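**Q** Attaching a single structure in structure tokens format; questions to follow.
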There are 2 protein chains.
Amino acid sequence: MNPPEFQLSPPPDTNPIFGGERWKKVHQALGEPLAELPSKSWEVVEAEKAKDMRHVLEFPYNGEPPPEKLHENLITPNQYHFVRNHGGIPTIDSSQCTLIVDGLVNKPSEMGLSVLQDGDIFRQQSLIATIQCSGNRRSELLTQYPAEGDDMINAPWEQRAISTAKWTGVSLRDVIDYCGGFAAGGRHVELIGADTYIKGNTPLNYAVSVPWAKINADQVLLAWEMNGRPLPRIHGGPLRAVVLGSIGARSTKWLYRIRVLDQPSMSPVQRVEYLFFNHQVSKANGDFKNGMPILEMPVSSAILSPRSKDVIIHEGTIHVRGWAYSGGGRWPEIVEVSTDDGYSWNTVPDENLTPKHMFALRLWEIKIPVSIEGWIDLKCRTFDNALNTQPSSAREVWNWSAHVTHCQHRVSVFSIDKRNSNTAKQLENIKAQGKGLVPVTLPARFRDAETGSRWHEPPELQPRSAKDDHT
Amino acid sequence: MNPPEFQLSPPPDTNPIFGGERWKKVHQALGEPLAELPSKSWEVVEAEKAKDMRHVLEFPYNGEPPPEKLHENLITPNQYHFVRNHGGIPTIDSSQCTLIVDGLVNKPSEMGLSVLQDGDIFRQQSLIATIQCSGNRRSELLTQYPAEGDDMINAPWEQRAISTAKWTGVSLRDVIDYCGGFAAGGRHVELIGADTYIKGNTPLNYAVSVPWAKINADQVLLAWEMNGRPLPRIHGGPLRAVVLGSIGARSTKWLYRIRVLDQPSMSPVQRVEYLFFNHQVSKANGDFKNGMPILEMPVSSAILSPRSKDVIIHEGTIHVRGWAYSGGGRWPEIVEVSTDDGYSWNTVPDENLTPKHMFALRLWEIKIPVSIEGWIDLKCRTFDNALNTQPSSAREVWNWSAHVTHCQHRVSVFSIDKRNSNTAKQLENIKAQGKGLVPVTLPARFRDAETGSRWHEPPELQPRSAKDDHT
């Protein structure tokens, strides 16, 4: 069975959008205990996630929050935090949870979660950090030019495969130190999860690696708490990695083994799935060896409100809300919004941005003066503290795997300025007719309440003024 | 006397381009020993820099290398390394050179250069690093929209205010440790040079600061050697700072004092000169408090060859050469060249890029298939290892101070494909006439050697083929 076709057109208007039938069938074919994983996993979704999540894929579960929930607070509540799972959700009891650390460390060890949580052994830390899927905003690419990547693109994300939480745990650096430090040649740290990762029809464990410089810089946290609560099962509970400023795929969930290697992990996540290809690589000539493993995320931003095709009736200002983010420990310094598709830019006042965090996004809002009526294209862009900024169009960042869509985000809306007296009269007429303006595709034909003529028929032509005799 | 006008048009065709008369007069007015600095400094330029440097400003000296010298090797030879000085060149004898370290350190100290160079006290290190002026590529902004910045923009740089050297010295972190480490509250390290920095008519010392995180990350080197030679006087000899991955202005030359502060330096370099403003800040509403001090440099790249308005006679490929760079310890991963102003992209093969260094640019070259004749727009762009890439146009990055022009670099050239038989014949005719095709503004009118007709007059119209009767 082929994967469902969702490129070049909007995804189906269902929730869940896709069922993931292929993965369900592979699990069934593999027998117990995997056969029941799809239904067991869905029970966890229903228990832990809000009903109004946009369920992009039922199994393995992928979901993004509604725009207003992402914008409400810097911290996304656990039930709204986006989820990108690659397999079924394992059942691990906290009291049984152990972590193996082996490979190129001086003192390979196995420790229970209670050891990691022992304040006399490890320094516990909490920090606010954003996780973003490298496929975030992928739908902007796919509606223009299809892409493929390996196997299939599972998630036609809108702009909300990104969320922020306060994570509590210990630095992986401290754990490596506890295990005697890196042994000679140890340069990459493989993070292995207890979830199954199906490649072709073969079940593997989820695995990926992180270069040791990130660990030495205290940029990998082993977390058991999310916003002051035990880590939810769907987010990797009891124990997961949080790799700061990097692609979400490095933040292995259901972490049970850490293996220090002399080279990057041989796992498909590392070598095949999360690669960035240049503009000329595609279905015809793709070679995984030429892909660049995605680690740090670039600067990006997106508009959460208004939404594309909204009809906005206003009095000269449009209220725009969104997020801005940069990876690698950089943060947004400047956010700007354009009403002319990026020709000129209005700056979001500093007080309208949430505070700076080294590893978190900033929410922003701005009321922009608009006097143009009709279709306008809103765009946002960000400069981070290294002054990197976003390319202007999705075409510029298209790539075969449809990863890292970080161009300026565009939303086309229909502007109606009711300060305009003709517009105001028209709006009253529409109201008197008991008709609406939404959706934007609804024609505005109606009889004028006073004259009985149709609005879309021009009134009899009159000279503009007594002196105007050119008509 | 007003500064010379050079915006919206090419700078004067002289070398030096500008004299810096205003600075010379201020120095004269200040009396000895400053009065003689302009002529003494020019003597150093003549002694240490190559004659074919593009001398952008005579005093204070600003100069960039010719394109081919920048592309020849990753390491730019000392006599060709770009220079951006802010004052006259001080005369400091190595044996008398001392460094004061004070402010918020636990053990304020003064040490001679010989102490810094003592291998028993400090670990000497060498590394390859690029320095770039944040004004690099400024001319691309100024020819479209004028800018101002504070006082005046001194340097209409082309794309070569960037160079690479092997620097030898000690990490500032080790020096701070030697001075007992940071005292409570010490968060910014001010680097003070012995050169005069004229602000208005007031002479100050050059000063700027660096946040302590950069020092702790071993990203500030105190260097006394450049490419195996004692640091040239014009480059800050005997001792300078090299702040890795950051704007060149942080790399204080003629370093004589390091002061640890609880806040960034109050110097004009820090607070007024090297600020980035958003798109809406300009002459009318500028406020230095709203500027963002530029520290890390974003991803950028530029074409060194061919040059704008070149006429290129080729046989189906054009050879393009350039550089690519990213700041903050990131490096170029992908370089691409477009022949259609950025619509589609040809990837530079990996073997055509110089090796990766954490803090250095990469040189590249590519032979691109071209069959279009006439004007074509070449562009280059880079993705760094965080997948940040360049915005497409100079307009997108225009800012009041004309700093950080990191858009895709565009060069318009005139393509002549001599595989085309008409073109080949034409080229022979031109040759036979003893005429040339250069410059591109030269008209190609001449008598055809065989027929005596003018090339620009159309031949008598003939049907395209016997069957073509539509004419």
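In the structure tokens, chains take the letters A, B, ... in the order shown, each chain's residues start at 1, and ligands count up from 1 in the order shown.
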Chain B residues within 6 Å of chain A, counting only C-alpha atoms: which ones, as a PyMOL selection string?

**A** chain B and resi 296-298+386-388+391

**Q** Generate a file of the selected residues that holds N, CA, C and O atoms, formatted as a PDB file, in the first residue's frame.

**A**
```
ATOM      1  N   GLU B 296      28.970  38.338  16.982  1.00  0.00           N
ATOM      2  CA  GLU B 296      29.210  37.255  16.018  1.00  0.00           C
ATOM      3  C   GLU B 296      28.776  37.690  14.619  1.00  0.00           C
ATOM      4  O   GLU B 296      27.776  38.376  14.470  1.00  0.00           O
ATOM      5  N   MET B 297      29.518  37.230  13.624  1.00  0.00           N
ATOM      6  CA  MET B 297      29.161  37.547  12.242  1.00  0.00           C
ATOM      7  C   MET B 297      28.280  36.432  11.666  1.00  0.00           C
ATOM      8  O   MET B 297      28.491  35.258  11.953  1.00  0.00           O
ATOM      9  N   PRO B 298      27.302  36.801  10.823  1.00  0.00           N
ATOM     10  CA  PRO B 298      26.438  35.781  10.203  1.00  0.00           C
ATOM     11  C   PRO B 298      27.107  35.118   8.995  1.00  0.00           C
ATOM     12  O   PRO B 298      28.203  35.498   8.597  1.00  0.00           O
ATOM     13  N   ALA B 386      24.912  25.252  10.721  1.00  0.00           N
ATOM     14  CA  ALA B 386      23.637  25.386  11.431  1.00  0.00           C
ATOM     15  C   ALA B 386      22.511  25.621  10.422  1.00  0.00           C
ATOM     16  O   ALA B 386      21.391  25.953  10.805  1.00  0.00           O
ATOM     17  N   LEU B 387      22.831  25.498   9.127  1.00  0.00           N
ATOM     18  CA  LEU B 387      21.889  25.668   8.021  1.00  0.00           C
ATOM     19  C   LEU B 387      21.359  27.076   7.889  1.00  0.00           C
ATOM     20  O   LEU B 387      20.351  27.309   7.220  1.00  0.00           O
ATOM     21  N   ASN B 388      22.009  28.027   8.554  1.00  0.00           N
ATOM     22  CA  ASN B 388      21.689  29.403   8.235  1.00  0.00           C
ATOM     23  C   ASN B 388      22.168  29.694   6.825  1.00  0.00           C
ATOM     24  O   ASN B 388      23.192  29.174   6.378  1.00  0.00           O
ATOM     25  N   PRO B 391      20.103  35.988   2.976  1.00  0.00           N
ATOM     26  CA  PRO B 391      18.939  36.574   2.305  1.00  0.00           C
ATOM     27  C   PRO B 391      19.327  36.974   0.882  1.00  0.00           C
ATOM     28  O   PRO B 391      20.518  37.095   0.567  1.00  0.00           O
TER      29      PRO B 391
END
```

**Q** List the spatial neighbours of Pro66 (chain B) as a VMD selection string - criterion: any atom at most 8 Å away, only C-alpha atoms, same-chain residues fewer than 2 positions off excluded.

**A** chain B and resid 52 to 54 64 68 to 70 160

**Q** Hey, can you spit out that residue selection with N, CA, C and O atoms as a tab-separated table (two decimals), in the first residue's frame?

**A**
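Saved to selection-v3.tsv:
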```tsv
chain	number	residue	atom	x	y	z
B	52	ASP	N	49.53	47.13	-4.70
B	52	ASP	CA	48.26	46.93	-5.41
B	52	ASP	C	47.09	46.66	-4.45
B	52	ASP	O	46.04	46.17	-4.86
B	53	MET	N	47.28	46.96	-3.17
B	53	MET	CA	46.11	46.99	-2.27
B	53	MET	C	45.17	48.07	-2.78
B	53	MET	O	45.60	49.08	-3.35
B	54	ARG	N	43.87	47.86	-2.55
B	54	ARG	CA	42.91	48.96	-2.81
B	54	ARG	C	42.88	49.81	-1.54
B	54	ARG	O	42.28	49.43	-0.54
B	64	GLU	N	41.91	46.99	1.19
B	64	GLU	CA	41.53	45.59	0.92
B	64	GLU	C	42.38	45.05	-0.22
B	64	GLU	O	42.79	45.79	-1.10
B	68	GLU	N	42.30	38.54	-6.72
B	68	GLU	CA	43.09	37.32	-7.00
B	68	GLU	C	44.03	37.00	-5.85
B	68	GLU	O	44.35	35.83	-5.61
B	69	LYS	N	44.48	38.02	-5.10
B	69	LYS	CA	45.37	37.76	-3.97
B	69	LYS	C	44.59	37.13	-2.81
B	69	LYS	O	45.13	36.33	-2.05
B	70	LEU	N	43.33	37.51	-2.69
B	70	LEU	CA	42.51	36.91	-1.64
B	70	LEU	C	42.21	35.45	-1.97
B	70	LEU	O	42.12	34.61	-1.08
B	160	ARG	N	36.18	42.50	0.05
B	160	ARG	CA	37.48	41.95	0.45
B	160	ARG	C	38.00	42.51	1.76
B	160	ARG	O	39.20	42.46	2.01
```

**Q** Apply DSSP to the backbone of this structure and, from region 92-270 of chain A, keep only the residues in alpha helix (DSSP H); write these as a list of chain:residue names.

**A** A:Leu113, A:Ser114, A:Val115, A:Leu116, A:Arg138, A:Ser139, A:Glu140, A:Leu141, A:Leu142, A:Leu172, A:Arg173, A:Asp174, A:Val175, A:Ile176, A:Asp177, A:Tyr178, A:Trp212, A:Ala213, A:Lys214, A:Ile215, A:Asn216, A:Pro268

**Q** Can I get the selected residues back with C-alpha atoms, as a compact mmCIF listing (two decimals), in the first residue's frame?

**A**
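Contents of the output file out_12.txt:
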```txt
# COMPACT_ATOMS: atom_id res chain seq x y z
CA LEU A 113 16.85 6.66 37.65
CA SER A 114 17.06 7.14 41.44
CA VAL A 115 20.86 7.46 41.14
CA LEU A 116 20.52 10.18 38.50
CA ARG A 138 7.34 21.45 5.89
CA SER A 139 3.90 22.05 4.35
CA GLU A 140 5.18 25.34 2.92
CA LEU A 141 7.61 23.39 0.76
CA LEU A 142 5.29 20.56 -0.20
CA LEU A 172 25.09 14.46 30.36
CA ARG A 173 28.57 15.87 30.97
CA ASP A 174 28.18 15.10 34.66
CA VAL A 175 27.03 11.56 33.86
CA ILE A 176 30.03 10.99 31.58
CA ASP A 177 32.30 12.34 34.34
CA TYR A 178 30.61 9.92 36.77
CA TRP A 212 31.14 15.36 22.33
CA ALA A 213 31.64 19.14 22.04
CA LYS A 214 27.90 19.54 22.72
CA ILE A 215 28.19 17.38 25.82
CA ASN A 216 31.28 19.23 27.07
CA PRO A 268 19.28 5.40 10.02
```

**Q** Would you kindly return, as a ChimeraX atom specification, each protein, DNA or RNA residue with an atom no farther than 10 Å from any atom of Ile312 (chain B), considering only C-alpha atoms and excluding same-chain residues fewer than 5 positions away?

**A** /B:306,317-319,373-374,413-417,437-438,440

**Q** I'd like the contact shell of region 249-257 of chain B - 8 Å cut-off, only C-alpha atoms, skipping same-chain residues fewer than 4 positions apart - returned as a compact mmCIF listing (two decimals) with C-alpha atoms, in the first residue's frame.

**A**
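Resulting contents of out02.txt:
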```
# COMPACT_ATOMS: atom_id res chain seq x y z
CA PRO B 90 51.58 53.80 17.32
CA CYS B 97 55.63 46.31 25.38
CA THR B 98 53.63 45.71 28.55
CA LEU B 99 50.12 44.56 29.20
CA ILE B 100 48.08 45.85 32.15
CA VAL B 101 45.28 43.58 33.40
CA ASP B 102 43.03 45.26 35.96
CA CYS B 133 35.20 43.97 9.05
CA SER B 134 31.47 44.27 9.72
CA LEU B 191 40.39 45.58 25.36
CA ILE B 192 42.18 48.92 25.10
CA GLY B 193 44.60 49.81 22.30
CA ALA B 194 47.37 52.38 22.13
CA ASP B 195 45.98 53.99 18.97
CA TYR B 206 40.54 52.62 20.94
CA ALA B 207 38.50 50.44 23.30
CA VAL B 208 35.83 47.77 23.01
CA SER B 209 34.70 44.84 25.16
CA VAL B 210 33.94 41.15 24.84
CA HIS B 235 48.21 44.94 12.10
CA GLY B 236 48.66 45.90 15.76
CA GLY B 237 52.24 44.83 16.48
CA PRO B 238 53.68 43.96 18.91
CA LEU B 239 50.42 42.64 20.50
CA ARG B 240 46.78 42.47 19.47
CA ALA B 241 43.60 40.62 20.31
CA VAL B 242 42.01 38.19 17.86
CA VAL B 243 38.37 37.59 18.79
CA VAL B 269 33.16 51.62 19.39
CA TYR B 274 29.34 49.12 15.59
CA LEU B 295 29.41 40.54 17.95
```

**Q** Separation of CA of His188 (chain B) and CA of Pro203 (chain B), in Å?

**A**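 It comes out at 23.5 Å.
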
**Q** So that I can check the secondary structure, give me every residue of region 221-457 of chain B assigned strand (DSSP E) by backbone DSSP, as an NGL selection string.

**A** :B and (221-226 or 229-230 or 240-243 or 255-261 or 275-276 or 292-293 or 300-305 or 311-314 or 317-325 or 332-338 or 346-347 or 362-369 or 374-384 or 409-417)

**Q** Kindly give the distance, in Å, that separates CA of Val105 (chain A) and CA of Gly329 (chain A), rounded to a single decimal.

**A**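 CA of Gly329 (chain A) lies at a distance of 26.8 Å from CA of Val105 (chain A).
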
**Q** Considering only C-alpha atoms, return as a tab-separated table (two decimals) with all heavy atoms, in the first residue's frame whatever protein or nucleic-acid residues lie within 9 Å of Gln28 (chain B), sequence-local ones (same chain, fewer than 5 positions apart) excluded.

**A**
```tsv
chain	number	residue	atom	x	y	z
B	23	TRP	N	40.41	63.83	9.32
B	23	TRP	CA	41.19	63.26	10.43
B	23	TRP	C	42.58	63.85	10.47
B	23	TRP	O	43.13	64.09	11.53
B	23	TRP	CB	41.26	61.73	10.29
B	23	TRP	CG	40.02	61.07	10.76
B	23	TRP	CD1	39.71	60.72	12.04
B	23	TRP	CD2	38.91	60.70	9.96
B	23	TRP	NE1	38.46	60.16	12.09
B	23	TRP	CE2	37.95	60.12	10.84
B	23	TRP	CE3	38.60	60.80	8.61
B	23	TRP	CZ2	36.71	59.65	10.38
B	23	TRP	CZ3	37.39	60.32	8.16
B	23	TRP	CH2	36.46	59.76	9.04
B	34	LEU	N	50.77	64.11	17.90
B	34	LEU	CA	49.76	63.58	16.97
B	34	LEU	C	49.87	64.17	15.56
B	34	LEU	O	49.52	63.52	14.58
B	34	LEU	CB	48.35	63.83	17.52
B	34	LEU	CG	48.00	63.08	18.82
B	34	LEU	CD1	46.56	63.33	19.23
B	34	LEU	CD2	48.21	61.57	18.63
B	35	ALA	N	50.39	65.39	15.47
B	35	ALA	CA	50.37	66.08	14.17
B	35	ALA	C	51.08	65.28	13.07
B	35	ALA	O	50.66	65.29	11.91
B	35	ALA	CB	51.00	67.46	14.32
B	36	GLU	N	52.12	64.57	13.45
B	36	GLU	CA	52.89	63.84	12.42
B	36	GLU	C	52.36	62.43	12.14
B	36	GLU	O	52.85	61.76	11.25
B	36	GLU	CB	54.36	63.74	12.85
B	36	GLU	CG	55.12	65.03	12.64
B	36	GLU	CD	56.61	64.86	12.91
B	36	GLU	OE1	57.02	63.71	13.18
B	36	GLU	OE2	57.33	65.85	12.86
B	37	LEU	N	51.37	62.01	12.93
B	37	LEU	CA	50.88	60.63	12.79
B	37	LEU	C	50.42	60.28	11.37
B	37	LEU	O	50.76	59.20	10.87
B	37	LEU	CB	49.76	60.35	13.78
B	37	LEU	CG	50.11	59.49	14.99
B	37	LEU	CD1	48.86	59.26	15.84
B	37	LEU	CD2	50.69	58.14	14.57
B	38	PRO	N	49.65	61.15	10.71
B	38	PRO	CA	49.20	60.76	9.37
B	38	PRO	C	50.36	60.42	8.43
B	38	PRO	O	50.34	59.39	7.76
B	38	PRO	CB	48.43	62.00	8.90
B	38	PRO	CG	47.89	62.59	10.17
B	38	PRO	CD	48.98	62.38	11.18
```

**Q** Please provide the set of residues having any atom within 8 Å of Asn106 (chain A), restricted to only C-alpha atoms, with same-chain residues fewer than 5 positions apart removed, written as a PyMOL selection string.

**A** chain A and resi 179-183

**Q** What is the distance between CA of Ile75 (chain B) and CA of Lys51 (chain B), in Å to one decimal?

**A**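 About the pair CA of Ile75 (chain B) and CA of Lys51 (chain B): they are 18.8 Å apart.
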
**Q** Quick one: residues within 12 Å of Ala129 (chain A), only C-alpha atoms counted, chain neighbours fewer than 4 positions away excluded, as a count of residues only?

**A** 37
